[in-house]
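With CSV, C-alpha atoms inside, this is structure-v4.csv:
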chain,number,residue,atom,x,y,z
N,1,MET,CA,-9.3,15.7,-52.6
N,2,LEU,CA,-12.4,13.5,-52.4
N,3,ILE,CA,-11.1,11.5,-55.4
N,4,ARG,CA,-7.7,10.9,-53.6
N,5,LEU,CA,-9.4,9.7,-50.5
N,6,LEU,CA,-11.6,7.3,-52.5
N,7,MET,CA,-8.5,5.9,-54.3
N,8,LEU,CA,-6.6,5.5,-51.0
N,9,SER,CA,-9.6,3.6,-49.5
N,10,PHE,CA,-9.7,1.3,-52.6
N,11,LEU,CA,-6.0,0.5,-52.3
N,12,LEU,CA,-6.3,-0.3,-48.6
N,13,VAL,CA,-9.2,-2.7,-49.3
N,14,VAL,CA,-7.6,-4.6,-52.1
N,15,SER,CA,-4.3,-4.8,-50.2
N,16,ILE,CA,-5.8,-6.6,-47.2
N,17,PRO,CA,-5.8,-10.4,-47.7
N,18,THR,CA,-9.1,-12.2,-47.1
N,19,TYR,CA,-9.4,-15.7,-45.7
N,20,SER,CA,-12.2,-18.2,-46.4
N,21,SER,CA,-13.2,-20.8,-43.8
N,22,SER,CA,-11.0,-23.4,-45.7
N,23,ASP,CA,-7.9,-21.2,-45.7
N,24,LYS,CA,-5.2,-21.3,-43.1
N,25,LYS,CA,-5.4,-18.8,-40.2
N,26,PRO,CA,-3.8,-15.5,-41.0
N,27,PRO,CA,-0.3,-15.0,-39.6
N,28,ALA,CA,-0.1,-13.6,-36.1
N,29,LEU,CA,0.4,-9.9,-35.8
N,30,VAL,CA,4.0,-9.1,-34.8
N,31,LEU,CA,4.4,-5.7,-33.2
N,32,PRO,CA,7.6,-3.7,-33.4
N,33,GLU,CA,9.8,-4.4,-30.3
N,34,ILE,CA,9.1,-1.0,-28.8
N,35,LEU,CA,5.4,-1.7,-28.9
N,36,GLN,CA,5.5,-5.2,-27.5
N,37,PRO,CA,4.4,-5.8,-24.0
N,38,GLU,CA,7.3,-6.2,-21.6
N,39,GLN,CA,8.1,-9.8,-21.0
N,40,THR,CA,8.1,-10.8,-17.3
N,41,ASN,CA,11.4,-11.9,-15.9
N,42,ASN,CA,10.6,-14.4,-13.2
N,43,ASN,CA,13.8,-13.5,-11.3
N,44,ASN,CA,12.6,-9.9,-11.0
N,45,THR,CA,9.0,-10.6,-10.1
N,46,PRO,CA,8.4,-9.2,-6.6
N,47,ILE,CA,7.5,-11.9,-4.1
N,48,PRO,CA,4.9,-10.8,-1.6
N,49,PHE,CA,6.6,-10.3,1.8
N,50,THR,CA,5.8,-13.1,4.3
N,51,ARG,CA,7.3,-12.5,7.7
N,52,THR,CA,8.8,-15.5,9.5
N,53,GLY,CA,10.6,-13.5,12.2
N,54,PRO,CA,12.9,-10.5,12.7
N,55,THR,CA,14.0,-9.3,9.2
N,56,ILE,CA,16.7,-7.0,7.8
N,57,GLN,CA,16.0,-5.8,4.3
N,58,VAL,CA,18.7,-4.0,2.2
N,59,ALA,CA,18.3,-2.6,-1.2
N,60,ILE,CA,21.6,-1.8,-2.9
N,61,LEU,CA,21.5,0.9,-5.7
N,62,LEU,CA,24.7,1.1,-7.7
N,63,ASP,CA,25.7,3.7,-10.2
N,64,ALA,CA,26.8,1.6,-13.2
N,65,SER,CA,27.7,4.5,-15.5
N,66,GLY,CA,30.9,4.4,-17.5
N,67,SER,CA,33.3,5.6,-14.7
N,68,MET,CA,32.1,3.2,-12.0
N,69,GLY,CA,33.8,-0.1,-13.0
N,70,GLY,CA,35.8,0.0,-9.7
N,71,LEU,CA,32.6,0.3,-7.6
N,72,ILE,CA,31.0,-2.7,-9.3
N,73,ASN,CA,34.2,-4.7,-8.9
N,74,GLN,CA,34.3,-3.9,-5.2
N,75,ALA,CA,30.6,-5.0,-4.9
N,76,ARG,CA,31.2,-8.3,-6.6
N,77,GLU,CA,34.3,-9.1,-4.6
N,78,GLN,CA,32.9,-8.2,-1.2
N,79,ILE,CA,29.3,-9.3,-1.4
N,80,TRP,CA,29.9,-12.6,0.4
N,81,SER,CA,31.9,-10.9,3.2
N,82,ILE,CA,28.9,-8.4,3.5
N,83,ILE,CA,26.5,-11.4,3.7
N,84,ASN,CA,28.6,-13.2,6.3
N,85,ALA,CA,28.9,-10.1,8.5
N,86,ILE,CA,25.1,-9.7,8.7
N,87,ALA,CA,24.3,-13.4,8.8
N,88,THR,CA,24.8,-13.8,12.5
N,89,ALA,CA,22.3,-11.1,13.5
N,90,THR,CA,19.6,-11.9,16.0
N,91,LYS,CA,16.8,-10.1,17.7
N,92,HIS,CA,14.7,-11.2,20.7
N,93,ASP,CA,17.0,-14.3,20.7
N,94,ARG,CA,15.7,-15.3,17.3
N,95,PRO,CA,17.8,-15.6,14.1
N,96,VAL,CA,17.2,-12.9,11.5
N,97,THR,CA,16.0,-13.3,8.0
N,98,LEU,CA,18.1,-11.3,5.5
N,99,GLN,CA,16.7,-10.0,2.2
N,100,VAL,CA,18.7,-8.1,-0.4
N,101,ALA,CA,17.7,-6.3,-3.6
N,102,LEU,CA,19.8,-4.8,-6.4
N,103,PHE,CA,19.2,-1.9,-8.8
N,104,GLU,CA,21.6,-0.5,-11.4
N,105,TYR,CA,21.2,3.1,-12.5
N,106,GLY,CA,22.9,5.5,-14.9
N,107,VAL,CA,23.0,2.8,-17.6
N,108,GLU,CA,22.8,3.6,-21.3
N,109,HIS,CA,21.0,0.4,-22.2
N,110,GLN,CA,17.9,1.7,-20.4
N,111,SER,CA,15.8,4.5,-21.8
N,112,LYS,CA,15.1,8.0,-20.3
N,113,TYR,CA,11.5,6.8,-19.8
N,114,ASP,CA,12.9,4.1,-17.6
N,115,GLY,CA,15.1,6.5,-15.8
N,116,TYR,CA,18.2,4.9,-17.1
N,117,LEU,CA,17.8,2.3,-14.3
N,118,ARG,CA,17.0,-1.4,-14.0
N,119,LEU,CA,15.8,-3.7,-11.2
N,120,LEU,CA,18.2,-6.7,-11.2
N,121,SER,CA,16.9,-8.5,-8.2
N,122,PRO,CA,13.9,-8.0,-5.9
N,123,LEU,CA,14.2,-8.3,-2.2
N,124,THR,CA,15.1,-12.0,-1.8
N,125,SER,CA,16.8,-14.5,0.5
N,126,ASP,CA,18.1,-16.3,-2.6
N,127,LEU,CA,21.7,-15.4,-2.4
N,128,ASP,CA,22.7,-17.1,-5.6
N,129,GLN,CA,20.1,-15.2,-7.5
N,130,PHE,CA,21.5,-11.9,-6.0
N,131,SER,CA,25.0,-12.9,-6.9
N,132,GLU,CA,24.0,-13.7,-10.5
N,133,ALA,CA,22.3,-10.3,-10.7
N,134,LEU,CA,25.4,-8.5,-9.4
N,135,PHE,CA,27.5,-10.1,-12.1
N,136,ALA,CA,24.9,-9.2,-14.8
N,137,ILE,CA,25.5,-5.4,-14.3
N,138,ASN,CA,26.4,-3.8,-17.6
N,139,ILE,CA,28.7,-0.8,-17.1
N,140,GLY,CA,28.1,2.2,-19.4
N,141,GLY,CA,26.1,5.4,-19.3
N,142,SER,CA,26.2,9.0,-18.1
N,143,LYS,CA,22.8,10.1,-16.7
N,144,GLU,CA,22.5,9.1,-13.0
N,145,TYR,CA,18.9,9.8,-11.8
N,146,ALA,CA,19.5,9.0,-8.1
N,147,PRO,CA,16.2,10.3,-6.7
N,148,GLN,CA,14.3,8.3,-9.3
N,149,VAL,CA,16.1,5.0,-8.5
N,150,ILE,CA,15.3,5.6,-4.8
N,151,GLN,CA,11.6,6.2,-5.7
N,152,GLU,CA,11.6,3.0,-7.8
N,153,ALA,CA,13.1,1.0,-4.9
N,154,THR,CA,10.6,2.4,-2.5
N,155,ASN,CA,7.6,1.6,-4.7
N,156,ARG,CA,8.6,-1.6,-6.4
N,157,LEU,CA,10.1,-3.7,-3.7
N,158,GLN,CA,8.1,-5.6,-1.1
N,159,TRP,CA,9.1,-3.9,2.1
N,160,SER,CA,8.1,-5.4,5.5
N,161,PRO,CA,5.5,-3.3,7.3
N,162,HIS,CA,6.5,-4.7,10.7
N,163,GLN,CA,7.9,-2.1,13.1
N,164,ASP,CA,10.5,-4.5,14.5
N,165,ASP,CA,12.2,-5.0,11.1
N,166,LEU,CA,15.0,-2.9,9.6
N,167,ARG,CA,14.6,-1.4,6.1
N,168,LEU,CA,17.6,0.1,4.4
N,169,ILE,CA,18.5,1.6,1.0
N,170,ILE,CA,22.2,2.0,0.3
N,171,ILE,CA,23.0,4.1,-2.8
N,172,ALA,CA,26.4,4.7,-4.3
N,173,GLY,CA,27.5,7.1,-7.0
N,174,ASN,CA,29.9,9.9,-8.0
N,175,GLU,CA,27.9,12.6,-9.8
N,176,GLU,CA,25.4,15.3,-8.8
N,177,PHE,CA,22.7,13.6,-6.8
N,178,GLN,CA,19.8,15.7,-8.1
N,179,GLN,CA,19.4,14.6,-11.7
N,180,GLY,CA,16.3,13.8,-13.6
N,181,ASP,CA,12.7,14.9,-13.1
N,182,ILE,CA,12.1,13.4,-9.7
N,183,PRO,CA,13.2,15.8,-7.0
N,184,ILE,CA,15.0,14.8,-3.8
N,185,SER,CA,12.1,16.5,-1.9
N,186,HIS,CA,9.7,13.9,-3.3
N,187,ALA,CA,11.7,10.7,-3.3
N,188,ILE,CA,13.1,10.9,0.2
N,189,PRO,CA,9.9,11.6,2.1
N,190,LEU,CA,8.3,8.8,0.1
N,191,ALA,CA,10.9,6.4,1.5
N,192,VAL,CA,10.6,7.8,5.0
N,193,SER,CA,6.9,7.2,4.9
N,194,LYS,CA,7.7,3.5,4.8
N,195,ASP,CA,10.3,3.8,7.5
N,196,ILE,CA,13.1,3.2,5.1
N,197,ILE,CA,16.5,4.6,6.1
N,198,ILE,CA,18.6,5.9,3.2
N,199,ASN,CA,22.4,5.7,3.4
N,200,THR,CA,24.5,7.5,0.7
N,201,LEU,CA,28.0,6.5,-0.4
N,202,TYR,CA,29.7,9.2,-2.5
N,203,CYS,CA,32.6,7.8,-4.6
N,204,GLY,CA,35.1,10.7,-4.1
N,205,PRO,CA,36.2,13.3,-1.6
N,206,HIS,CA,33.9,13.9,1.4
N,207,LEU,CA,33.4,17.7,0.9
N,208,LYS,CA,32.7,17.4,-2.8
N,209,GLY,CA,30.0,14.8,-2.1
N,210,ARG,CA,28.3,17.3,0.2
N,211,LYS,CA,28.4,20.0,-2.4
N,212,LEU,CA,26.8,17.5,-4.9
N,213,GLN,CA,24.0,16.9,-2.3
N,214,TRP,CA,24.9,13.4,-1.4
N,215,ALA,CA,24.5,14.2,2.3
N,216,THR,CA,21.0,15.6,2.0
N,217,PRO,CA,19.0,12.3,1.5
N,218,ALA,CA,20.8,10.7,4.4
N,219,LEU,CA,20.1,13.6,6.7
N,220,LEU,CA,16.4,13.7,5.7
N,221,SER,CA,16.0,9.9,6.4
N,222,HIS,CA,18.1,9.6,9.5
N,223,GLY,CA,20.7,7.7,7.6
N,224,LYS,CA,24.5,8.0,7.1
N,225,TYR,CA,26.5,9.9,4.5
N,226,LEU,CA,29.9,8.3,3.8
N,227,ASN,CA,32.5,8.7,1.1
N,228,ILE,CA,34.5,5.8,-0.4
N,229,ASP,CA,37.3,5.3,-2.8
N,230,HIS,CA,35.7,3.3,-5.6
N,231,LYS,CA,39.0,3.0,-7.4
N,232,LYS,CA,40.6,1.2,-4.5
N,233,LYS,CA,41.1,-2.5,-4.9
N,234,ALA,CA,38.9,-4.4,-2.4
N,235,PRO,CA,41.0,-5.3,0.7
N,236,HIS,CA,41.5,-8.9,1.6
N,237,ILE,CA,43.9,-10.9,3.8
N,238,GLU,CA,44.8,-14.4,2.8
N,239,THR,CA,44.9,-16.9,5.7
N,240,PRO,CA,46.3,-20.4,6.3
N,241,TYR,CA,42.7,-21.6,6.5
N,242,ASP,CA,41.4,-20.4,3.1
N,243,ASP,CA,42.3,-23.5,1.0
N,244,ASP,CA,40.7,-25.9,3.4
N,245,ILE,CA,37.5,-23.8,3.6
N,246,ILE,CA,37.3,-23.6,-0.2
N,247,GLN,CA,37.8,-27.4,-0.5
N,248,LEU,CA,35.0,-28.0,2.1
N,249,GLY,CA,32.9,-25.6,0.1
N,250,ARG,CA,33.3,-27.8,-3.0
N,251,LYS,CA,32.5,-30.9,-1.0
N,252,ILE,CA,29.3,-29.3,0.4
N,253,ASN,CA,28.1,-28.8,-3.2
N,254,ASP,CA,28.0,-32.6,-3.5
N,255,THR,CA,25.3,-32.7,-0.8
N,256,TYR,CA,22.9,-30.6,-2.9
N,257,ILE,CA,20.3,-32.6,-4.9
N,258,GLY,CA,17.9,-30.6,-7.0
N,259,TYR,CA,14.2,-31.3,-7.1
N,260,GLY,CA,11.1,-29.9,-8.7
N,261,THR,CA,11.0,-27.7,-11.8
N,262,LYS,CA,13.9,-25.5,-10.9
N,263,GLY,CA,16.2,-28.0,-9.2
N,264,ALA,CA,18.6,-28.5,-12.1
N,265,SER,CA,18.8,-24.8,-13.0
N,266,LYS,CA,19.4,-23.7,-9.4
N,267,LYS,CA,22.2,-26.4,-9.1
N,268,SER,CA,23.8,-24.9,-12.2
N,269,GLN,CA,23.4,-21.4,-10.8
N,270,GLN,CA,25.1,-22.5,-7.5
N,271,ILE,CA,28.2,-23.8,-9.5
N,272,ALA,CA,28.2,-20.7,-11.6
N,273,GLN,CA,28.4,-18.4,-8.6
N,274,ASP,CA,31.2,-20.5,-7.1
N,275,MET,CA,33.1,-19.8,-10.4
N,276,ASN,CA,32.3,-16.1,-10.3
N,277,ALA,CA,33.6,-15.8,-6.7
N,278,SER,CA,36.8,-17.8,-7.4
N,279,SER,CA,37.5,-15.7,-10.5
N,280,LEU,CA,38.0,-12.6,-8.3
N,281,SER,CA,40.2,-13.7,-5.4
N,282,LYS,CA,40.9,-16.5,-2.9
N,283,SER,CA,39.3,-14.3,-0.2
N,284,SER,CA,36.0,-14.0,-2.2
N,285,SER,CA,35.9,-17.7,-2.8
N,286,THR,CA,36.5,-18.4,0.9
N,287,GLU,CA,33.8,-16.0,2.0
N,288,ARG,CA,31.3,-17.7,-0.4
N,289,SER,CA,32.2,-21.1,1.0
N,290,ILE,CA,31.5,-19.8,4.5
N,291,ALA,CA,28.2,-18.3,3.3
N,292,LYS,CA,27.1,-21.6,1.8
N,293,ALA,CA,27.6,-23.2,5.2
N,294,GLY,CA,25.6,-20.5,7.0
N,295,LYS,CA,22.0,-20.1,8.0
N,296,GLN,CA,21.3,-17.4,5.5
N,297,TYR,CA,22.0,-19.7,2.5
N,298,LYS,CA,18.5,-20.9,2.0
N,299,THR,CA,17.7,-23.5,-0.6
N,300,GLN,CA,14.7,-25.4,0.6
N,301,ASP,CA,12.7,-24.5,-2.5
N,302,TRP,CA,15.1,-26.5,-4.8
N,303,ASP,CA,17.4,-28.6,-2.8
N,304,LEU,CA,16.1,-32.0,-1.5
N,305,ILE,CA,18.4,-32.2,1.5
N,306,SER,CA,17.5,-28.7,2.7
N,307,LEU,CA,13.8,-29.6,2.3
N,308,ALA,CA,14.2,-32.9,4.2
N,309,GLN,CA,16.1,-31.1,7.0
N,310,GLN,CA,13.1,-28.8,7.3
N,311,ASN,CA,10.4,-31.4,6.7
N,312,LEU,CA,11.5,-35.0,6.5
N,313,GLU,CA,8.1,-36.2,5.3
N,314,GLN,CA,8.1,-33.8,2.3
N,315,GLY,CA,11.7,-34.7,1.6
N,316,VAL,CA,10.7,-38.4,1.3
N,317,ALA,CA,7.8,-37.6,-1.0
N,318,PHE,CA,10.0,-35.8,-3.5
N,319,ALA,CA,12.8,-38.3,-3.1
N,320,LYS,CA,10.5,-41.1,-4.3
N,321,LYS,CA,10.2,-39.2,-7.6
N,322,ASP,CA,14.0,-39.1,-8.0
N,323,GLN,CA,15.0,-42.1,-10.0
N,324,GLN,CA,18.7,-41.1,-10.1
N,325,HIS,CA,19.5,-41.0,-6.4
N,326,TYR,CA,16.8,-43.1,-4.7
N,327,HIS,CA,15.9,-45.7,-7.3
N,328,GLY,CA,14.6,-49.0,-5.9
N,329,LEU,CA,14.5,-47.7,-2.3
N,330,ASN,CA,11.4,-48.0,-0.1
N,331,ASP,CA,10.2,-45.3,2.2
N,332,GLN,CA,12.2,-46.5,5.2
N,333,GLN,CA,15.4,-46.8,3.1
N,334,ILE,CA,14.8,-43.3,1.6
N,335,THR,CA,14.3,-41.9,5.1
N,336,GLU,CA,17.5,-43.4,6.4
N,337,LYS,CA,19.5,-42.2,3.3
N,338,LEU,CA,18.2,-38.7,3.7
N,339,LYS,CA,19.1,-38.6,7.4
N,340,GLN,CA,22.7,-39.7,6.5
N,341,GLN,CA,22.9,-37.0,3.8
N,342,ILE,CA,21.7,-34.4,6.3
N,343,ALA,CA,24.3,-35.5,8.8
N,344,GLN,CA,27.0,-35.4,6.2
N,345,ARG,CA,26.1,-31.8,5.3
N,346,VAL,CA,25.9,-30.7,9.0
N,347,GLN,CA,29.4,-32.2,9.6
N,348,LEU,CA,30.8,-30.2,6.7
N,349,GLN,CA,29.0,-27.0,7.9
N,350,GLN,CA,30.5,-27.5,11.3
N,351,GLN,CA,34.0,-28.0,9.9
N,352,ILE,CA,33.7,-24.8,7.9
N,353,SER,CA,32.4,-22.9,10.9
N,354,THR,CA,35.4,-24.1,13.0
N,355,LEU,CA,37.8,-22.9,10.4
N,356,GLU,CA,35.9,-19.7,10.0
N,357,GLN,CA,36.5,-18.8,13.6
N,358,LYS,CA,40.2,-19.5,13.3
N,359,ARG,CA,40.3,-17.4,10.1
N,360,LYS,CA,38.5,-14.5,11.8
N,361,HIS,CA,41.1,-14.5,14.6
N,362,PHE,CA,44.0,-14.6,12.1
N,363,ILE,CA,42.5,-11.6,10.2
N,364,LYS,CA,41.9,-9.7,13.4
N,365,GLN,CA,45.5,-10.1,14.3
N,366,SER,CA,46.7,-9.1,10.9
N,367,LYS,CA,44.7,-6.0,10.4
N,368,ASN,CA,46.2,-2.6,11.0
N,369,GLU,CA,44.3,0.6,11.9
N,370,ASN,CA,43.7,1.7,8.3
N,371,THR,CA,42.0,-1.5,7.4
N,372,LYS,CA,39.0,-0.7,9.6
N,373,ALA,CA,38.3,2.6,7.8
N,374,LYS,CA,35.0,3.0,5.9
N,375,ASP,CA,36.9,3.8,2.7
N,376,ASP,CA,35.7,0.9,0.5
N,377,LEU,CA,32.2,-0.3,-0.4
N,378,GLY,CA,32.3,-3.5,1.7
N,379,ASN,CA,33.5,-2.0,4.9
N,380,ALA,CA,31.1,1.0,4.5
N,381,ILE,CA,28.1,-1.3,4.0
N,382,ILE,CA,29.0,-3.7,6.8
N,383,LEU,CA,29.6,-1.0,9.4
N,384,THR,CA,26.5,1.0,8.4
N,385,ILE,CA,24.2,-2.0,8.5
N,386,GLN,CA,25.5,-3.2,11.8
N,387,ASP,CA,25.4,0.2,13.5
N,388,GLN,CA,21.8,0.9,12.3
N,389,ALA,CA,20.7,-2.7,13.2
N,390,LYS,CA,22.1,-2.4,16.7
N,391,SER,CA,20.2,0.9,17.2
N,392,LYS,CA,17.0,-1.0,16.4
N,393,GLY,CA,17.6,-3.8,18.9
N,394,PHE,CA,19.5,-6.3,16.7
N,395,SER,CA,22.7,-7.9,17.9
N,396,PHE,CA,25.6,-9.7,16.2
N,397,LEU,CA,27.6,-12.7,17.4
Entire entry expressed as structure tokens:
Amino acid sequence: MLIRLLMLSFLLVVSIPTYSSSDKKPPALVLPEILQPEQTNNNNTPIPFTRTGPTIQVAILLDASGSMGGLINQAREQIWSIINAIATATKHDRPVTLQVALFEYGVEHQSKYDGYLRLLSPLTSDLDQFSEALFAINIGGSKEYAPQVIQEATNRLQWSPHQDDLRLIIIAGNEEFQQGDIPISHAIPLAVSKDIIINTLYCGPHLKGRKLQWATPALLSHGKYLNIDHKKKAPHIETPYDDDIIQLGRKINDTYIGYGTKGASKKSQQIAQDMNASSLSKSSSTERSIAKAGKQYKTQDWDLISLAQQNLEQGVAFAKKDQQHYHGLNDQQITEKLKQQIAQRVQLQQQISTLEQKRKHFIKQSKNENTKAKDDLGNAIILTIQDQAKSKGFSFL
């Protein structure tokens, strides 16, 4: 035995290459993928919460297992109508900041160690980022650890501690709620300790959802339990105003000028999300155009015109570095051009807003009684958020 150990030691020594001072450096050690440290995805890095006023935070947790394609399609098609329905919220006569987050769970491309779940977007006011994350969901899997994804959302997201703000988790799925190692009795009280309300949407018959414990988390957190038909096609009503709104939405894109390190990529992302919306339906594309003209579409961190509208002096400073749009102009000329571009965007926003009101009236007249039911994801989320926001002192125009 001793001889074998000595021989093994000798083989290890002679097999390790040595390097003199004149040799090249040894090659870098490459670990197997499973041992490599996780690479940070900037889009998913939680941003510390900074309160600028009344805030509504909504984390949406979607079951993306193999049978839930219909649910994901409803979410993608209705996300902009959801945003627009919440965008007009106010509290204490002040406009509200909306933040949304997204988790997928029950997915086979994540490991059991990860709970078969993935954070796709942290709580953010960047609506294009959220839309991109929604279209990045990969459907497929069979293990839906609902309590664990609630625990992850509670722990990993940057929730507001302010008592005036509204914190919501909305989770949708169609299997037994209690799966995995994290019990309901642990995950729900953890969320409640941060004053987070949990709303559960069971994709199937109401009574069956109760038997599968989907009502329990909502009851324990003073939330709502609803059932929806995830196989139903998202409802939408085309109006005589849709084409004009979409056309104005394209024109408003021309008023965006990227600046800084992420200006170009964010401009590309904006166009990509326009294409995603238009690939679904005319209604989805119209709702996105309305959202881009609204106050919740915040782009000051990459768009020069938005920045100048917020702080003209900063806008001029960045415009001076832009050799494409402001080449050869002095400070005064840049200032005047920025003011003209701001005015152009405001005019387009006002035109969209006017058409939006006419569109709302048309849809209201066209709807029947069944359209108002909470039987699809979009309606369920909108009515739930509005009801719970109103109970906390928020109002909607």
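The spacing separating atom CA of N:Ala380 from atom CA of N:Leu201 amounts to 8.0 Å.
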Counting all atoms listed in the file, what is within 10 Å of N:Ile271, bar same-chain residues fewer than 3 positions away, as a list in words?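 The neighbour list is Asp128, Arg250, Asn253, Lys266, Lys267, Ser268, Asp274, Met275 and Asn276 of chain N.
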Atom CA of N:Asp303 to atom CA of N:Gly263, distance in Å rounded to a single decimal: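 So the answer is 6.5 Å.
The residue that comes closest to N:Ile246, out of N:Leu348, N:Leu212, N:Ile382, N:Ile182 and on the basis of only C-alpha atoms, is N:Leu348.
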Just give me the residues with any atom within 12 Å of (12.6, -43.6, 6.7), file coordinates, counting all atoms listed in the file, written as a PyMOL selection string. chain N and resi 308+312-317+319-320+329-340
Of the listed residues N:Thr299, N:Ser111, N:Ser142, N:Asn379, that which approaches N:Gln269 most closely, counting only C-alpha atoms: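 Smallest distance to N:Gln269 is found for N:Thr299.
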Quick one: residues within 10 Å of (33.4, 6.2, -15.1) (file frame), counting all atoms listed in the file, please, as a list of chain:residue names. N:Asp63, N:Ala64, N:Ser65, N:Gly66, N:Ser67, N:Met68, N:Gly69, N:Gly70, N:Leu71, N:Ile139, N:Gly140, N:Gly141, N:Ser142, N:Asn174, N:Glu175
In Å, rounded to a single decimal, give me how far atom CA of N:Ser366 is from atom CA of N:Ser395. 25.0 Å
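Of the listed residues (N:Asp387, N:Glu356, N:Glu108, N:Asp375), N:Glu356 comes nearest to N:Asp244; the distances count only C-alpha atoms.
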Which is closest to N:Ala89 among N:Thr286, N:Thr55, N:Gln349, N:Gln324, if we use all atoms listed in the file? N:Thr55
Could you check which of N:Leu117, N:Asn155, N:Leu166, N:Trp80 is closest to N:Gly53, using all atoms listed in the file?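 Selected residue with least distance to N:Gly53: N:Leu166.
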Could you check which of N:Ile228, N:Thr52, N:Pro217, N:Ile79 is closest to N:Ser160, using only C-alpha atoms?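 Going through N:Ile228, N:Thr52, N:Pro217, N:Ile79 one by one, the smallest distance to N:Ser160 is for N:Thr52.
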